[in-house]
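First the structure, in the form of structure tokens, and then the observations on it.
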Amino acid sequence: MKTLHLEARKGDVILLHACAHNPTGADLTREQWKTVASLCKELGLFAIFDMAYQGFAPGDLSHDAWPIAHFFDRSDIEFFVAQSFSKNFGLYGERVGVLHLVTA
């Protein structure tokens with residue numbers, strides 16, 4: 001996050017994995033997500049969430065959606081969520097998904 005704070009410029013787009021980061025499987029903590037949201041607002045960044053593995057890491061759909069809900073609840077940050085359902089529905093190789101657009 002230090003690099004983001006030092007190098008990001010207003011209008012930059014940041015691609016984030018909402019959960020079950022591919023390839024590491026790592027997730028940010030809620031405090032880290034709060035910091036990312038604050039940096040997006042402070043620096044004027046546009047976040048695009050890639051959400052292909054909801055429920056795969058902890059097995060909890062709501063837990064994995066928390067970063068999205070946090071950004072939404074702030075209501076002062078615009079962002080997109082590219083959400084794939086192919087893996088959740090067991091339709092590997094198919095393209096099932098949705099693009100959510102959240103505007104302030």
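Residue numbers start at 1 in each chain; chains themselves are named A, B, ... in the order of the structure tokens; ligands are numbered from 1 in the order shown.
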
Step one, run DSSP on the backbone; step two, keep only residues of stretch 14-98 of chain A assigned to strand (DSSP E or B); then write them as a PyMOL selection string. chain A and resi 14-17+46-51+79-84+97-98

Report as a list of chain:residue names all protein, DNA and RNA residues lying within 12 Å of A:Gln32, evaluated on only C-alpha atoms, omitting residues in the same chain fewer than 4 positions from it.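 The filter keeps A:Met1, A:Lys2, A:Ala18, A:Asp27, A:Leu28, A:Val36, A:Ala37, A:Ser38, A:Leu39, A:Trp66, A:Pro67, A:His70.
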
Just write the chosen residues, C-alpha atoms, as a PDB file, in the first residue's frame.
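Result file is part38.pdb:
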```pdb
ATOM      1  CA  MET A   1       0.000   0.000   0.000  1.00  0.00           C
ATOM      2  CA  LYS A   2       2.980   2.239   0.504  1.00  0.00           C
ATOM      3  CA  ALA A  18     -12.099  -8.959  -3.823  1.00  0.00           C
ATOM      4  CA  ASP A  27      -7.114 -11.928   1.207  1.00  0.00           C
ATOM      5  CA  LEU A  28      -6.644  -8.464   2.678  1.00  0.00           C
ATOM      6  CA  VAL A  36      -7.439   0.831   0.306  1.00  0.00           C
ATOM      7  CA  ALA A  37     -10.866   2.519   0.201  1.00  0.00           C
ATOM      8  CA  SER A  38      -9.481   5.617   1.897  1.00  0.00           C
ATOM      9  CA  LEU A  39      -6.566   5.745  -0.539  1.00  0.00           C
ATOM     10  CA  TRP A  66     -17.251  -7.518   2.581  1.00  0.00           C
ATOM     11  CA  PRO A  67     -14.774  -5.362   0.583  1.00  0.00           C
ATOM     12  CA  HIS A  70     -17.521  -1.514   2.443  1.00  0.00           C
TER      13      HIS A  70
END
```

Could you please determine the separation between atom CA of A:Ala65 and atom CA of A:Cys19 in Å, to one decimal place?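 Going from atom CA of A:Ala65 over to atom CA of A:Cys19 covers 7.7 Å.
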
DSSP-assigned alpha helix (DSSP H) among chain A, expressed as a PyMOL selection string: chain A and resi 2-7+30-43+61-74

I'd like to know which of A:Ser86, A:Arg74, A:Ala20, A:Thr29 is closest to A:Gln54, using only C-alpha atoms. A:Ala20

Atomic distance atom CA of A:Phe71 - atom CA of A:Ala8, expressed in Å with one decimal: 18.6 Å

Near A:Ala52, within 10 Å and counting only C-alpha atoms, which residues show up once chain neighbours fewer than 4 positions away are dropped, as a list in words? His17, Ala18, Cys19, Ala20, His21, Asn22, Phe56, Ala82, Gln83, Ser84, Phe85, Ser86, Lys87, Asn88 and Gly97 of chain A

Close residues, stretch 98-100 of chain A itself excluded, 12 Å, only C-alpha atoms, min 2 positions apart in chain, as number ranges by chain: A: 47-52, 68, 72, 78-86, 95-96, 102-103

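Distances from A:Asp76, A:Asp12, A:Tyr92, A:Lys34 to A:Ala104 were compared using only C-alpha atoms, and the smallest one belongs to A:Asp76.
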
Residues near A:Leu45, cut-off 6 Å, only C-alpha atoms, skip fewer than 2 positions along chain, as a ChimeraX atom specification: /A:10-13,40,43

C-alpha atoms of the current selection, written as a PDB file, in the first residue's frame:
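Wrote it out as result_16.pdb, contents follow:
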```
ATOM      1  CA  LYS A  10      -5.496  10.945  -9.719  1.00  0.00           C
ATOM      2  CA  GLY A  11      -7.570   9.071 -12.279  1.00  0.00           C
ATOM      3  CA  ASP A  12      -5.482   5.900 -12.134  1.00  0.00           C
ATOM      4  CA  VAL A  13      -7.373   2.625 -12.241  1.00  0.00           C
ATOM      5  CA  CYS A  40      -8.956   5.441  -3.490  1.00  0.00           C
ATOM      6  CA  LEU A  43      -5.950   9.881  -4.389  1.00  0.00           C
TER       7      LEU A  43
END
```

For atom CA of A:Pro58 and atom CA of A:Phe46, quote the distance in Å rounded to one decimal.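 For atom CA of A:Pro58 relative to atom CA of A:Phe46, the distance reads 27.1 Å.
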
Judged by only C-alpha atoms, the minimum distance to A:Ser75 among A:Glu94, A:Leu6, A:Ala26, A:Lys41 is found for A:Lys41

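Here the question is which of A:Ala57, A:Ile77, A:Leu101, A:Leu91 gets nearest to A:Thr24 using only C-alpha atoms, and that residue is A:Ala57.
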